[in-house]
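*Asks:* The structure follows.
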Amino acid sequence: MIDLPVDLPAELVPLSWLLGVWEGSGVIDYTVGEESVTHEFGQRVSFSHDGLPHLNYTSYTWLFPDDEGGEPTPLVTETGYWRLARELGEGDQGPAMLPARGEPRYADAESVEGLRNADGGFDVEVSLVHPGGVSELYLGQVKGPRIDLATDAVMRGSGAKDYSAATRLYGLVDGHLLWAWDIAALGQDLRTHASARLAKVD
């Protein structure tokens with residue numbers, strides 16, 4: 001059972017099963033040319049909200065040591081925002097720091113139901129930033145406890161490594177958050193990259 005925060009904006013209810021802190025482990029399995037990279041990693045993910053109609057997202061990962069006496073090695077961090085994909089109006093903040101000039105358009109469950117797509121789910125938009133100079137915009141769908149995402153745009157700084165597209169899948173299975181991530185990078189086409197199983201810890 002999912003307990004919803006009393007101050008949760010109505011349009012975040014379809015994403016509410018993500019809320020909390022999740023921790024667990026996964027496996028990187030990626031091939032570049034003739035070289036295969038396989039490694040186990042740990043991950044801590046947080047989904048939170050601040051009263052606005054989006055989820056705040058952070059992820060921290062680390063490589064497990066090859067030997068029992070070694071120390072974990074920091075791997076990658078991500079930060080970003082998850083929201084239902086819809087046109088923003090006068091009841092929304094922005095652009096920049098401009099405040100809303102009207103009432104929220106999707107303030108109750110009935111109005112949010114009007115956002116359902118033809119498949120019975122909700123379109124979602126996810127913006128992620130990586131410290132290595134890569135920003136991703138994902139579009140996709142949340143339908144029950146499953147989210148399917150694919151990049152609509154990838155921006156890279158001049159010094160960033162080659163990374164051109166990705167897909168991600170998230171699901172709630174037996175109380176665990178499972179995800180899988182495919183990428184097109186380093187001259188390779190879209191292929192399996194990493195997956196993990198996380199348990200809710202907070």
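Within each chain, counting starts at residue 1; across the structure tokens, chains are named A, B, ... in the order shown, with ligands numbered 1 upward in that order.
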What lies within 10 Å of A:Gly159 using only C-alpha atoms, ignoring chain neighbours under 5 positions off, as an NGL selection string?

*Replies:* :A and (132-134)

*Asks:* Write out as CSV a residue-level contact list of stretch 127-194 of chain A versus stretch 18-37 of chain A with cut-off 10 Å: for each qualifying residue the closest pair of atoms and the distance in Å to one decimal, counting only C-alpha atoms, rows sorted by chain and residue number upward.

*Replies:*
residue,atom,partner,partner_atom,distance
A:Pro145,CA,A:Leu18,CA,8.7
A:Tyr170,CA,A:Leu18,CA,9.4
A:Gly171,CA,A:Leu18,CA,9.2
A:Leu172,CA,A:Leu18,CA,8.4
A:His176,CA,A:Trp22,CA,8.5
A:Leu177,CA,A:Trp22,CA,7.5
A:Leu178,CA,A:Gly26,CA,9.4
A:Trp179,CA,A:Gly26,CA,9.2
A:Ala180,CA,A:Gly26,CA,9.4
A:Trp181,CA,A:Ile28,CA,9.5
A:Asp182,CA,A:Tyr30,CA,9.1
A:Ile183,CA,A:Tyr30,CA,9.0
A:Ala185,CA,A:Val32,CA,8.7
A:Leu186,CA,A:Val32,CA,7.3
A:Gly187,CA,A:Val32,CA,8.1
A:Gln188,CA,A:Val32,CA,6.8
A:Asp189,CA,A:Val32,CA,9.9
A:Arg191,CA,A:Tyr30,CA,7.6
A:Thr192,CA,A:Tyr30,CA,6.2
A:His193,CA,A:Tyr30,CA,4.9
A:Ala194,CA,A:Ile28,CA,4.3

*Asks:* Based on the selection just made, write N, CA and C atoms of those residues as a short mmCIF file (atom, residue, chain, number, x, y, z; two decimals), in the first residue's frame.

*Replies:*
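Saved file again.cif follows:
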data_model
loop_
_atom_site.label_atom_id
_atom_site.label_comp_id
_atom_site.auth_asym_id
_atom_site.auth_seq_id
_atom_site.Cartn_x
_atom_site.Cartn_y
_atom_site.Cartn_z
N PRO A 145 2.10 0.85 -12.23
CA PRO A 145 3.46 0.89 -11.66
C PRO A 145 4.55 0.57 -12.69
N TYR A 170 11.18 1.54 -15.84
CA TYR A 170 11.06 1.46 -14.39
C TYR A 170 9.79 0.70 -14.06
N GLY A 171 9.85 -0.13 -13.02
CA GLY A 171 8.66 -0.85 -12.60
C GLY A 171 8.69 -1.17 -11.12
N LEU A 172 7.52 -1.23 -10.53
CA LEU A 172 7.39 -1.63 -9.13
C LEU A 172 6.96 -3.09 -9.12
N HIS A 176 9.64 -3.72 -4.85
CA HIS A 176 10.98 -3.27 -5.23
C HIS A 176 10.89 -2.42 -6.50
N LEU A 177 11.79 -1.46 -6.59
CA LEU A 177 11.91 -0.65 -7.80
C LEU A 177 12.94 -1.29 -8.70
N LEU A 178 12.50 -1.76 -9.86
CA LEU A 178 13.39 -2.37 -10.85
C LEU A 178 13.53 -1.41 -12.02
N TRP A 179 14.74 -1.30 -12.55
CA TRP A 179 14.92 -0.47 -13.73
C TRP A 179 15.93 -1.09 -14.67
N ALA A 180 15.83 -0.71 -15.95
CA ALA A 180 16.77 -1.13 -16.98
C ALA A 180 17.06 0.06 -17.88
N TRP A 181 18.30 0.19 -18.32
CA TRP A 181 18.75 1.36 -19.08
C TRP A 181 19.55 0.87 -20.29
N ASP A 182 19.09 1.21 -21.48
CA ASP A 182 19.82 0.93 -22.73
C ASP A 182 20.37 2.26 -23.25
N ILE A 183 21.57 2.23 -23.82
CA ILE A 183 22.17 3.47 -24.33
C ILE A 183 22.79 3.25 -25.71
N ALA A 185 26.03 4.85 -27.30
CA ALA A 185 27.17 5.68 -26.88
C ALA A 185 28.46 5.11 -27.45
N LEU A 186 29.49 5.96 -27.50
CA LEU A 186 30.83 5.56 -27.94
C LEU A 186 30.80 4.88 -29.31
N GLY A 187 29.95 5.40 -30.20
CA GLY A 187 29.87 4.87 -31.56
C GLY A 187 29.02 3.62 -31.71
N GLN A 188 28.37 3.18 -30.63
CA GLN A 188 27.55 1.97 -30.68
C GLN A 188 26.08 2.33 -30.88
N ASP A 189 25.32 1.38 -31.45
CA ASP A 189 23.88 1.58 -31.54
C ASP A 189 23.24 1.31 -30.18
N ARG A 191 21.84 -0.32 -27.12
CA ARG A 191 22.01 -1.68 -26.61
C ARG A 191 21.98 -1.68 -25.08
N THR A 192 21.85 -2.86 -24.52
CA THR A 192 21.79 -3.03 -23.07
C THR A 192 22.97 -2.36 -22.39
N HIS A 193 22.68 -1.69 -21.27
CA HIS A 193 23.73 -0.99 -20.55
C HIS A 193 23.78 -1.39 -19.07
N ALA A 194 22.65 -1.23 -18.37
CA ALA A 194 22.65 -1.51 -16.92
C ALA A 194 21.23 -1.76 -16.45
#

*Asks:* Excluding same-chain residues fewer than 6 positions from stretch 97-111 of chain A, what lies within 9 Å of it counting only C-alpha atoms, as a list of chain:residue names?

*Replies:*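 The neighbour list is A:Pro9, A:Ala10, A:Glu11, A:Val13, A:Gly89, A:Glu90, A:Gly91.
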
*Asks:* Identify which of the residues A:Pro53, A:Pro74, A:Gly157, A:Gly69 lies closest to A:Ser135, counting only C-alpha atoms when measuring atom-to-atom distances.

*Replies:* A:Gly157

*Asks:* Could you jot down the atom CA of A:Leu84 to atom CA of A:Glu113 separation for me, Å, one decimal place?

*Replies:* 11.6 Å

*Asks:* Got a sec to tell me which of chain A DSSP assigns to helix (DSSP H, G or I), as a PyMOL selection string?

*Replies:* chain A and resi 10-18+109-113

*Asks:* Hey, what's within 12 Å of A:Leu12 if we count only C-alpha atoms and toss same-chain stuff fewer than 5 positions away? As a count of residues only, please?

*Replies:* 32

*Asks:* Using only C-alpha atoms, pick whichever of A:Gln43, A:Thr38, A:Ala160, A:Pro14 has the shortest atom-to-atom distance to A:Pro72.

*Replies:* A:Gln43

*Asks:* One number please: atom CA of A:Ser59 to atom CA of A:Leu88, in Å, one decimal.

*Replies:*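 Pair atom CA of A:Ser59 / atom CA of A:Leu88 returns 26.8 Å.
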